[in-house]
Amino acid sequence: LSLSSSSGGGEDGVKLRLYQDSVFIKRNKDGITPWHIDGRMMPFDTSHVISFWIPLHPIPSIDSGGTALLFINKSHSDFALPYWNGRGTEFGDSRDGKYNAYDHLAMRYGIDHEVGDDQIVDNNKGVIEHHMPMDVGDCTVHNGWTMHCANGNKHSGFARTRYAIAITYVDSYAEVREDIPGVGSNVQPRKRRGGGKNRSQQTPFLGDGEDSLSYAEWIGDVLPRTRFQHELVPDVWPS
């Protein structure tokens with residue numbers, strides 16, 4: 001696997017930043033993790049994001065209750081879905097007053113979005129993909145704009161709590177967006193003509209705030225739309 005090509009860049013001049021690592025716990029009787037896109041939760045303006053999802057114990061087959069990730073093939077390149085159908089969210093509200101992009105999954109990919117609270121089946125081969133069963137040492141790798149989900153941990157054949165860790169890298173040249181709450185708040189603001197507000201004060205938040213705790217400790221130390229360095233989100237490749 002070439003990190004440079006997977007992150008969307010070329011061999012020359014590509015640098016990767018460690019964005020975050022996360023532990024994902026799905027307890028017995030926890031329901032579905034709905035279809036979602038990680039890139040909407042991040043503070044960056046970039047298409048160059050890559051995540052490694054690593055189970056910390058064996059994951060059984062999907063028919064035996066496996067709860068590893070399911071992916072919609074090529075959805076990372078489906079620019080038209082949110083462009084023409086509104087951003088919406090995976091939880092069904094459409095904050096921009098347009099159609100919710102997630103409501104179009106059934107028509108677009110043959111996927112029933114309203115599947116109940118326990119299981120999505122891989123009933124559309126070539127569209128929905130997964131890599132279950134998985135063993136210790138296996139991992140899946142996906143683009144930050146790939147739509148994915150995970151089944152509920154309710155199958156009688158798999159009653160234990162599921163633990164996994166995800167490690168996410170982003171292009172080191174990715175800019176932090178000006179709509180992120182608190183961006184640059186700890187940095188002396190640049191002098192502006194006319195004493196007007198900066199762009200971050202004028203721009204409404206456009207993303208999903210689920211990752212906000214992850215970047216809360218460093219977002220105030222960086223200015224939007226700049227190349228930055230920060231010890232909490234270090235450049236890690238090439239070393």
# chains A, B, ... in the order shown; residues from 1 in each chain; ligands from 1
>>> closest_atom_pairs(of="stretch 130-194 of chain A", to="stretch 210-220 of chain A", cutoff="9 Å", atoms="only C-alpha atoms", output="CSV")
residue,atom,partner,partner_atom,distance
A:Val176,CA,A:Ile219,CA,8.5
A:Ile180,CA,A:Ile219,CA,8.3
A:Pro181,CA,A:Ile219,CA,8.5
A:Gly182,CA,A:Gly220,CA,5.5
A:Val183,CA,A:Gly220,CA,4.7
A:Gly184,CA,A:Gly220,CA,4.3
A:Ser185,CA,A:Gly220,CA,4.6
A:Asn186,CA,A:Gly220,CA,4.9
A:Val187,CA,A:Gly220,CA,7.0
>>> residues_around(residues="A:Arg162", least_positions_apart="4", cutoff="10 Å", atoms="only C-alpha atoms", output="ChimeraX atom specification")
/A:24-28,55-59,66-68,153,158
>>> write_last_selection(atoms="N, CA and C atoms", output="mmCIF file, in the first residue's frame")
data_model
loop_
_atom_site.group_PDB
_atom_site.id
_atom_site.type_symbol
_atom_site.label_atom_id
_atom_site.label_comp_id
_atom_site.auth_asym_id
_atom_site.auth_seq_id
_atom_site.Cartn_x
_atom_site.Cartn_y
_atom_site.Cartn_z
ATOM 1 N N PHE A 24 -13.116 2.584 19.039
ATOM 2 C CA PHE A 24 -14.538 2.400 18.778
ATOM 3 C C PHE A 24 -15.022 1.160 19.511
ATOM 4 N N ILE A 25 -16.003 1.366 20.374
ATOM 5 C CA ILE A 25 -16.544 0.304 21.221
ATOM 6 C C ILE A 25 -18.002 0.082 20.844
ATOM 7 N N LYS A 26 -18.333 -1.127 20.492
ATOM 8 C CA LYS A 26 -19.725 -1.471 20.210
ATOM 9 C C LYS A 26 -20.139 -2.585 21.167
ATOM 10 N N ARG A 27 -20.903 -2.211 22.164
ATOM 11 C CA ARG A 27 -21.309 -3.146 23.199
ATOM 12 C C ARG A 27 -22.416 -4.067 22.703
ATOM 13 N N ASN A 28 -22.597 -5.163 23.419
ATOM 14 C CA ASN A 28 -23.723 -6.033 23.121
ATOM 15 C C ASN A 28 -25.019 -5.230 23.232
ATOM 16 N N PRO A 55 -9.335 -4.006 14.056
ATOM 17 C CA PRO A 55 -10.004 -4.702 15.163
ATOM 18 C C PRO A 55 -8.984 -5.181 16.190
ATOM 19 N N LEU A 56 -9.374 -5.158 17.442
ATOM 20 C CA LEU A 56 -8.469 -5.572 18.520
ATOM 21 C C LEU A 56 -8.712 -7.012 18.954
ATOM 22 N N HIS A 57 -9.579 -7.717 18.215
ATOM 23 C CA HIS A 57 -9.841 -9.140 18.452
ATOM 24 C C HIS A 57 -10.509 -9.659 17.183
ATOM 25 N N PRO A 58 -10.650 -10.948 17.002
ATOM 26 C CA PRO A 58 -11.281 -11.468 15.786
ATOM 27 C C PRO A 58 -12.723 -10.972 15.622
ATOM 28 N N ILE A 59 -13.080 -10.682 14.372
ATOM 29 C CA ILE A 59 -14.434 -10.278 14.016
ATOM 30 C C ILE A 59 -15.037 -11.390 13.167
ATOM 31 N N GLY A 66 -20.884 -10.236 12.671
ATOM 32 C CA GLY A 66 -19.712 -9.374 12.579
ATOM 33 C C GLY A 66 -20.083 -7.908 12.468
ATOM 34 N N THR A 67 -19.325 -7.049 13.152
ATOM 35 C CA THR A 67 -19.646 -5.619 13.213
ATOM 36 C C THR A 67 -18.507 -4.757 12.702
ATOM 37 N N ALA A 68 -17.700 -5.284 11.787
ATOM 38 C CA ALA A 68 -16.699 -4.447 11.127
ATOM 39 C C ALA A 68 -17.401 -3.531 10.118
ATOM 40 N N ASN A 153 -24.612 -4.700 17.252
ATOM 41 C CA ASN A 153 -24.034 -5.872 17.931
ATOM 42 C C ASN A 153 -25.153 -6.604 18.659
ATOM 43 N N PHE A 158 -22.839 -13.515 18.356
ATOM 44 C CA PHE A 158 -21.698 -12.669 18.729
ATOM 45 C C PHE A 158 -22.158 -11.674 19.781
#
>>> atom_distance(atom1="atom CA of A:His142", atom2="atom CA of A:Tyr163")
18.3 Å
>>> atom_distance(atom1="atom CA of A:Asp221", atom2="atom CA of A:Tyr19")
15.0 Å
>>> closest_residue(among="A:Pro34, A:Gly126, A:Ser51, A:Phe44", to="A:Arg225", atoms="only C-alpha atoms")
A:Phe44
>>> closest_residue(among="A:Ala174, A:Met134, A:Val23, A:Ala80", to="A:Pro60", atoms="only C-alpha atoms")
A:Met134
>>> residues_around(residues="A:Ser172", least_positions_apart="6", cutoff="9 Å", atoms="only C-alpha atoms", output="count of residues only")
10
